[in-house]
Structure formats: C-alpha cells, structure tokens
Amino acid sequence: MLIAGVVAFPLYWMVLSAFKPDAEVQSDSPRPWTLAPSLDAFRRVFQQQDFGRYFLNSLLVAGTVVVASALIAFLAATAVTRFRFRFRTTLLIMFLIAQTVPVEALTIPLFFLLRDLGTAVPGIGLNTLGSLILPHLAFSLPFAIWMLRGFVRAVPESLEEAAALDGASRARFLWRILFPLVLPGLVATSVFSFISTWNDFLFAKSFLISATENSTLPMALLVFFKPDENDWGGIMAASTVMTLPVLVFFVLVQRRLVSGLGGAVKD
C-alpha cells in the first residue's frame with residue numbers, strides 16, 4: 001500500500017493542480033486539497049488552437065504503431081520460434097542488442113535518415129506523421145518479438161499437428177488457433193507500444209520542424225511554458241487530458257493483460 005501510495009501521489013497532485021484556482025497553484029504554501037475547484041485550466045486547454053487536431057494526431061500515430069507492431073511481431077515471433085533457418089540465433093541476439101541502444105543516441109542519425117528518405121518516399125520524411133510512426137515502430141518491434149516468442153513457444157507443437165490432421169492449413173492454424181492463444185502477450189506488448197508512442201516528445205520535437213499541424217499532444221504542452229511565467233494550471237490540466245487515453249486503454253485491455261496461458265492449452 002505504501003509503494004502504491006508513493007506511485008499514485010504524483011498523479012493525484014497533477015489532477016489536483018489541474019482543478020486548483022491559479023492563486024492556489026502559485027501559492028508559496030501548497031495544500032494537498034482545494035476548497036474551491038475550478039475548470040479554468042481545462043478551459044484554457046480546450047480553447048487552445050488546434051488542440052483537438054493534436055489529439056487526433058497522437059491517436060493516429062499511437063494506434064498505427066500498436067496495430068502494425070502487434071501484427072509484425074506476431075508473424076516474426078512465430079517465424080523465429082516454429083521455423084529453423086540460417087542466422088536465426090544471430091537475429092534473436094540482434095533483437096536484444098537493439099534494446100540496449102539508447103533512443104537519444106539514434107535521434108540525430110534518424111533525423112538525417114528521414115530527411116533523405118522523405119525525398120524518395122512521400123509521407124515518411126520530416127514534418128510528417130510518418131516520421132513519428134516509423135521510428136516508434138522500429139523501437140517497439142524488438143521488445144514485442146522477444147516477448148511474444150515466449151508465448152508462441154508455450155503453445156505445444158502437438159496442437160499444430162492435430163490441426164493439420166483435421167485438415168487445417170498453416171494460415172488457418174496461425175489466425176484461428178495460435179493468434180487467440182498468444183493474445184495476452186500481444187496485449188502486453190501493445191500497452192508498451194501505446195504508452196511509449198503516446199508520451200513521446202523527443203521524436204516529435206526533433207522531426208516535426210515546421211509542420212505544426214502535425215504536432216502531437218506532448219508538443220501542445222509547450223504552449224503553456226512561457227518565458228516570463230509558466231502556466232502550471234494549464235500544464236497540469238493538459239497532462240491530465242493526456243493521461244486519460246492511457247488509462248482508458250489500460251482499463252480496456254487489463255483483463256487480457258493479467259490473463260495467461262495457464263489452463264488454456266493442454267498437451
């Protein structure tokens with residue numbers, strides 16, 4: 001309980017500050033409650049120009065990364081688990097190495113790569129949503145593939161053999177039998193992909209140079225940081241709005257997230 005309270009307290013303070021009047025937010029004696037809740041900070045957030053567009057941009061980028069990474073990771077994890085081919089072990093080791101490389105170290109090389117790629121492939125270069133989708137997809141896949149590999153391995157090969165004897169093709173077994181069984185793993189990797197993409201600021205700041213219409217929600221927070229005095233109420237209100245989709249997504253998938261394969265597959 002103590003650890004849960006320590007973890008939850010920053011979230012409580014964020015929501016509390018979003019509802020506090022400006023005078024209480026800027027007070028030198030902050031209190032962990034308010035007797036005069038106000039929606040002024042939320043009004044400033046939703047009155048911000050193009051805030052709804054930023055929200056849709058974040059939703060599009062995160063949704064695309066989640067769906068694409070889950071589909072590709074499922075097929076790749078099945079391939080490296082069920083099939084024997086050359087350099088399979090090397091490929092798995094490369095997935096692990098990719099997880100050790102800091103994102104910050106690759107930002108500048110990715111900038112030049114996307115700049116050059118944009119001249120050949122429209123929609124992927126700088127100042128596009130594709131410049132956010134592609135890097136996040138690349139960073140999400142190694143973790144997703146490595147994690148799903150354990151779920152695919154947990155499904156006994158005898159199940160595939162029994163399906164083949166019943167006349168099921170490999171594709172039918174893949175989507176009708178194997179996919180539902182590894183769904184808990186897909187949900188877990190989807191949560192990771194969604195949170196990391198939704199909260200991204202580094203790539204959005206680095207790759208969206210002049211196309212403000214393609215900005216995402218973390219970029220919208222910059223409006224409330226001012227040279228003379230920051231609008232902390234607006235920052236906390238915008239952060240609260242940003243957190244809600246993550247909580248909703250987690251609530252929707254939490255039953256699948258905590259479930260496993262125990263008892264679902266019997267050899």
# chains A, B, ... in the order shown; residues from 1 in each chain; ligands from 1
>>> select_by_dssp(residues="stretch 53-213 of chain A", states="alpha helix (DSSP H)", output="ChimeraX atom specification")
/A:53-82,88-100,103-120,130-154,157-165,170-173,179-181,183-198,202-207
>>> residues_around(residues="stretch 88-99 of chain A", least_positions_apart="6", cutoff="9 Å", atoms="only C-alpha atoms", output="PyMOL selection string")
chain A and resi 80+139+141-143+145-146
>>> write_last_selection(atoms="all heavy atoms", output="CSV table (one decimal), in the first residue's frame")
chain,number,residue,atom,x,y,z
A,80,VAL,N,10.5,-17.1,-35.9
A,80,VAL,CA,11.7,-17.5,-35.2
A,80,VAL,C,11.5,-18.6,-34.2
A,80,VAL,O,12.5,-19.2,-33.7
A,80,VAL,CB,12.3,-16.2,-34.5
A,80,VAL,CG1,12.7,-15.1,-35.5
A,80,VAL,CG2,11.4,-15.7,-33.5
A,139,PHE,N,11.5,0.8,-32.9
A,139,PHE,CA,11.9,0.6,-31.5
A,139,PHE,C,11.0,-0.3,-30.7
A,139,PHE,O,11.4,-0.9,-29.7
A,139,PHE,CB,11.9,2.0,-30.7
A,139,PHE,CG,13.2,2.7,-31.0
A,139,PHE,CD1,13.2,3.8,-31.9
A,139,PHE,CD2,14.4,2.4,-30.4
A,139,PHE,CE1,14.3,4.5,-32.2
A,139,PHE,CE2,15.5,3.1,-30.7
A,139,PHE,CZ,15.5,4.2,-31.6
A,141,LEU,N,9.3,-3.1,-32.1
A,141,LEU,CA,9.4,-4.4,-32.6
A,141,LEU,C,10.3,-5.4,-31.9
A,141,LEU,O,10.0,-6.5,-31.6
A,141,LEU,CB,9.7,-4.4,-34.1
A,141,LEU,CG,8.5,-4.1,-35.0
A,141,LEU,CD1,8.9,-4.0,-36.5
A,141,LEU,CD2,7.4,-5.1,-34.9
A,142,PRO,N,11.6,-5.0,-31.6
A,142,PRO,CA,12.5,-5.9,-30.9
A,142,PRO,C,11.9,-6.4,-29.6
A,142,PRO,O,11.9,-7.6,-29.3
A,142,PRO,CB,13.8,-5.1,-30.7
A,142,PRO,CG,13.7,-4.1,-31.8
A,142,PRO,CD,12.3,-3.7,-31.9
A,143,PHE,N,11.4,-5.5,-28.8
A,143,PHE,CA,10.8,-5.9,-27.5
A,143,PHE,C,9.6,-6.8,-27.7
A,143,PHE,O,9.4,-7.9,-27.0
A,143,PHE,CB,10.4,-4.7,-26.7
A,143,PHE,CG,9.6,-5.0,-25.5
A,143,PHE,CD1,10.2,-5.5,-24.3
A,143,PHE,CD2,8.2,-4.8,-25.5
A,143,PHE,CE1,9.4,-5.7,-23.2
A,143,PHE,CE2,7.4,-5.1,-24.4
A,143,PHE,CZ,8.0,-5.6,-23.2
A,145,ILE,N,8.8,-8.7,-30.3
A,145,ILE,CA,9.1,-10.0,-30.9
A,145,ILE,C,9.7,-10.9,-29.8
A,145,ILE,O,9.4,-12.1,-29.7
A,145,ILE,CB,10.1,-9.9,-32.1
A,145,ILE,CG1,9.4,-9.1,-33.2
A,145,ILE,CG2,10.6,-11.2,-32.5
A,145,ILE,CD1,10.3,-8.8,-34.4
A,146,TRP,N,10.6,-10.4,-29.0
A,146,TRP,CA,11.3,-11.2,-28.0
A,146,TRP,C,10.2,-11.7,-27.0
A,146,TRP,O,10.3,-12.8,-26.5
A,146,TRP,CB,12.4,-10.4,-27.3
A,146,TRP,CG,13.2,-11.2,-26.4
A,146,TRP,CD1,13.1,-11.4,-25.1
A,146,TRP,CD2,14.3,-12.1,-26.8
A,146,TRP,NE1,14.0,-12.2,-24.6
A,146,TRP,CE2,14.8,-12.7,-25.6
A,146,TRP,CE3,14.9,-12.4,-28.0
A,146,TRP,CZ2,15.8,-13.6,-25.6
A,146,TRP,CZ3,16.0,-13.3,-28.0
A,146,TRP,CH2,16.4,-13.9,-26.8
>>> residues_around(residues="stretch 46-59 of chain A", least_positions_apart="2", cutoff="7 Å", atoms="only C-alpha atoms", output="ChimeraX atom specification")
/A:42-44,61-63,198,214-217
>>> residues_around(residues="A:Val45", least_positions_apart="3", cutoff="12 Å", atoms="only C-alpha atoms", output="number ranges by chain")
A: 18, 39-42, 48-52, 54-55, 217, 220-224, 231-242
>>> atom_distance(atom1="atom CA of A:Phe203", atom2="atom CA of A:Ala68")
18.5 Å
>>> residues_around(residues="A:Phe192", least_positions_apart="2", cutoff="10 Å", atoms="only C-alpha atoms", output="PyMOL selection string")
chain A and resi 66+140+143-144+187-190+194-197
>>> write_last_selection(atoms="all heavy atoms", output="PDB file, in the first residue's frame")
ATOM      1  N   VAL A  66       0.663   0.628 -32.657  1.00  0.00           N
ATOM      2  CA  VAL A  66       0.176  -0.522 -31.890  1.00  0.00           C
ATOM      3  C   VAL A  66      -0.274  -1.645 -32.822  1.00  0.00           C
ATOM      4  O   VAL A  66       0.118  -2.808 -32.659  1.00  0.00           O
ATOM      5  CB  VAL A  66      -0.982  -0.092 -30.966  1.00  0.00           C
ATOM      6  CG1 VAL A  66      -1.717  -1.321 -30.425  1.00  0.00           C
ATOM      7  CG2 VAL A  66      -0.455   0.746 -29.815  1.00  0.00           C
ATOM      8  N   SER A 140       9.708  -0.458 -31.156  1.00  0.00           N
ATOM      9  CA  SER A 140       8.768  -1.337 -30.459  1.00  0.00           C
ATOM     10  C   SER A 140       8.932  -2.802 -30.857  1.00  0.00           C
ATOM     11  O   SER A 140       8.677  -3.700 -30.050  1.00  0.00           O
ATOM     12  CB  SER A 140       7.329  -0.896 -30.751  1.00  0.00           C
ATOM     13  OG  SER A 140       7.084   0.408 -30.291  1.00  0.00           O
ATOM     14  N   PHE A 143      11.380  -5.531 -28.753  1.00  0.00           N
ATOM     15  CA  PHE A 143      10.786  -5.947 -27.474  1.00  0.00           C
ATOM     16  C   PHE A 143       9.572  -6.840 -27.702  1.00  0.00           C
ATOM     17  O   PHE A 143       9.394  -7.864 -27.030  1.00  0.00           O
ATOM     18  CB  PHE A 143      10.392  -4.707 -26.665  1.00  0.00           C
ATOM     19  CG  PHE A 143       9.562  -5.008 -25.451  1.00  0.00           C
ATOM     20  CD1 PHE A 143      10.159  -5.457 -24.285  1.00  0.00           C
ATOM     21  CD2 PHE A 143       8.187  -4.847 -25.478  1.00  0.00           C
ATOM     22  CE1 PHE A 143       9.397  -5.736 -23.160  1.00  0.00           C
ATOM     23  CE2 PHE A 143       7.414  -5.127 -24.364  1.00  0.00           C
ATOM     24  CZ  PHE A 143       8.021  -5.575 -23.199  1.00  0.00           C
ATOM     25  N   ALA A 144       8.719  -6.454 -28.655  1.00  0.00           N
ATOM     26  CA  ALA A 144       7.496  -7.210 -28.909  1.00  0.00           C
ATOM     27  C   ALA A 144       7.819  -8.610 -29.421  1.00  0.00           C
ATOM     28  O   ALA A 144       7.209  -9.602 -29.000  1.00  0.00           O
ATOM     29  CB  ALA A 144       6.617  -6.460 -29.908  1.00  0.00           C
ATOM     30  N   VAL A 187      -1.364  -8.169 -26.121  1.00  0.00           N
ATOM     31  CA  VAL A 187      -1.902  -7.049 -25.335  1.00  0.00           C
ATOM     32  C   VAL A 187      -0.788  -6.386 -24.528  1.00  0.00           C
ATOM     33  O   VAL A 187      -0.701  -5.160 -24.453  1.00  0.00           O
ATOM     34  CB  VAL A 187      -3.035  -7.542 -24.417  1.00  0.00           C
ATOM     35  CG1 VAL A 187      -3.432  -6.461 -23.426  1.00  0.00           C
ATOM     36  CG2 VAL A 187      -4.234  -7.954 -25.251  1.00  0.00           C
ATOM     37  N   ALA A 188       0.073  -7.189 -23.907  1.00  0.00           N
ATOM     38  CA  ALA A 188       1.160  -6.639 -23.103  1.00  0.00           C
ATOM     39  C   ALA A 188       2.107  -5.791 -23.956  1.00  0.00           C
ATOM     40  O   ALA A 188       2.501  -4.694 -23.558  1.00  0.00           O
ATOM     41  CB  ALA A 188       1.924  -7.772 -22.417  1.00  0.00           C
ATOM     42  N   THR A 189       2.469  -6.291 -25.121  1.00  0.00           N
ATOM     43  CA  THR A 189       3.346  -5.510 -25.999  1.00  0.00           C
ATOM     44  C   THR A 189       2.629  -4.284 -26.548  1.00  0.00           C
ATOM     45  O   THR A 189       3.251  -3.245 -26.769  1.00  0.00           O
ATOM     46  CB  THR A 189       3.836  -6.384 -27.160  1.00  0.00           C
ATOM     47  OG1 THR A 189       2.709  -6.911 -27.885  1.00  0.00           O
ATOM     48  CG2 THR A 189       4.670  -7.544 -26.653  1.00  0.00           C
ATOM     49  N   SER A 190       1.320  -4.385 -26.749  1.00  0.00           N
ATOM     50  CA  SER A 190       0.562  -3.233 -27.235  1.00  0.00           C
ATOM     51  C   SER A 190       0.528  -2.111 -26.206  1.00  0.00           C
ATOM     52  O   SER A 190       0.597  -0.931 -26.560  1.00  0.00           O
ATOM     53  CB  SER A 190      -0.869  -3.651 -27.596  1.00  0.00           C
ATOM     54  OG  SER A 190      -0.870  -4.586 -28.652  1.00  0.00           O
ATOM     55  N   PHE A 194       1.899   1.527 -27.009  1.00  0.00           N
ATOM     56  CA  PHE A 194       0.987   2.665 -26.925  1.00  0.00           C
ATOM     57  C   PHE A 194       1.520   3.735 -25.981  1.00  0.00           C
ATOM     58  O   PHE A 194       1.523   4.923 -26.322  1.00  0.00           O
ATOM     59  CB  PHE A 194      -0.387   2.193 -26.451  1.00  0.00           C
ATOM     60  CG  PHE A 194      -1.420   3.284 -26.419  1.00  0.00           C
ATOM     61  CD1 PHE A 194      -2.114   3.629 -27.561  1.00  0.00           C
ATOM     62  CD2 PHE A 194      -1.694   3.972 -25.244  1.00  0.00           C
ATOM     63  CE1 PHE A 194      -3.069   4.641 -27.542  1.00  0.00           C
ATOM     64  CE2 PHE A 194      -2.635   4.983 -25.206  1.00  0.00           C
ATOM     65  CZ  PHE A 194      -3.326   5.316 -26.358  1.00  0.00           C
ATOM     66  N   ILE A 195       1.980   3.335 -24.801  1.00  0.00           N
ATOM     67  CA  ILE A 195       2.455   4.318 -23.819  1.00  0.00           C
ATOM     68  C   ILE A 195       3.688   5.040 -24.317  1.00  0.00           C
ATOM     69  O   ILE A 195       3.792   6.268 -24.221  1.00  0.00           O
ATOM     70  CB  ILE A 195       2.725   3.621 -22.475  1.00  0.00           C
ATOM     71  CG1 ILE A 195       1.415   3.135 -21.853  1.00  0.00           C
ATOM     72  CG2 ILE A 195       3.434   4.559 -21.508  1.00  0.00           C
ATOM     73  CD1 ILE A 195       1.591   2.373 -20.564  1.00  0.00           C
ATOM     74  N   SER A 196       4.661   4.302 -24.863  1.00  0.00           N
ATOM     75  CA  SER A 196       5.894   4.935 -25.330  1.00  0.00           C
ATOM     76  C   SER A 196       5.636   5.871 -26.497  1.00  0.00           C
ATOM     77  O   SER A 196       6.269   6.926 -26.612  1.00  0.00           O
ATOM     78  CB  SER A 196       6.920   3.866 -25.733  1.00  0.00           C
ATOM     79  OG  SER A 196       6.422   3.063 -26.795  1.00  0.00           O
ATOM     80  N   THR A 197       4.695   5.524 -27.377  1.00  0.00           N
ATOM     81  CA  THR A 197       4.385   6.371 -28.528  1.00  0.00           C
ATOM     82  C   THR A 197       3.541   7.573 -28.117  1.00  0.00           C
ATOM     83  O   THR A 197       3.774   8.694 -28.552  1.00  0.00           O
ATOM     84  CB  THR A 197       3.655   5.563 -29.609  1.00  0.00           C
ATOM     85  OG1 THR A 197       4.431   4.414 -29.947  1.00  0.00           O
ATOM     86  CG2 THR A 197       3.442   6.395 -30.858  1.00  0.00           C
TER      87      THR A 197
END
>>> atom_distance(atom1="atom CA of A:Pro30", atom2="atom CA of A:Asn230")
16.7 Å
>>> residues_around(residues="A:Leu134", least_positions_apart="2", cutoff="12 Å", atoms="only C-alpha atoms", output="PyMOL selection string")
chain A and resi 61-62+64-66+68-69+110-111+113-114+117-118+123-126+128-132+136-141+197+203+207
>>> write_last_selection(atoms="C-alpha atoms", output="tab-separated table (two decimals), in the first residue's frame")
chain	number	residue	atom	x	y	z
A	61	VAL	CA	0.32	7.72	-34.56
A	62	ALA	CA	-0.12	5.57	-31.44
A	64	THR	CA	-0.90	2.78	-36.14
A	65	VAL	CA	2.18	1.78	-34.17
A	66	VAL	CA	0.18	-0.52	-31.89
A	68	ALA	CA	1.42	-2.59	-37.01
A	69	SER	CA	3.85	-3.67	-34.28
A	110	LEU	CA	17.33	9.07	-37.65
A	111	PHE	CA	16.91	12.76	-38.46
A	113	LEU	CA	17.77	9.15	-42.50
A	114	LEU	CA	14.22	10.53	-42.51
A	117	LEU	CA	14.04	9.04	-47.11
A	118	GLY	CA	11.43	11.77	-47.49
A	123	GLY	CA	4.73	10.76	-46.33
A	124	ILE	CA	7.68	9.36	-44.35
A	125	GLY	CA	10.09	12.28	-44.37
A	126	LEU	CA	10.47	15.08	-41.86
A	128	THR	CA	5.05	14.18	-41.46
A	129	LEU	CA	3.29	11.79	-39.13
A	130	GLY	CA	5.19	9.01	-40.85
A	131	SER	CA	8.41	10.38	-39.33
A	132	LEU	CA	6.93	9.53	-35.92
A	136	HIS	CA	8.45	4.11	-32.93
A	137	LEU	CA	7.59	1.01	-34.90
A	138	ALA	CA	11.27	0.18	-35.22
A	139	PHE	CA	11.88	0.61	-31.47
A	140	SER	CA	8.77	-1.34	-30.46
A	141	LEU	CA	9.37	-4.43	-32.60
A	197	THR	CA	4.39	6.37	-28.53
A	203	PHE	CA	10.91	12.45	-31.78
A	207	PHE	CA	11.33	15.51	-36.60
>>> atom_distance(atom1="atom CA of A:Val253", atom2="atom CA of A:Pro184")
9.1 Å
>>> closest_residue(among="A:Thr107, A:Thr78, A:Ser38, A:Thr119", to="A:Pro21", atoms="only C-alpha atoms")
A:Ser38
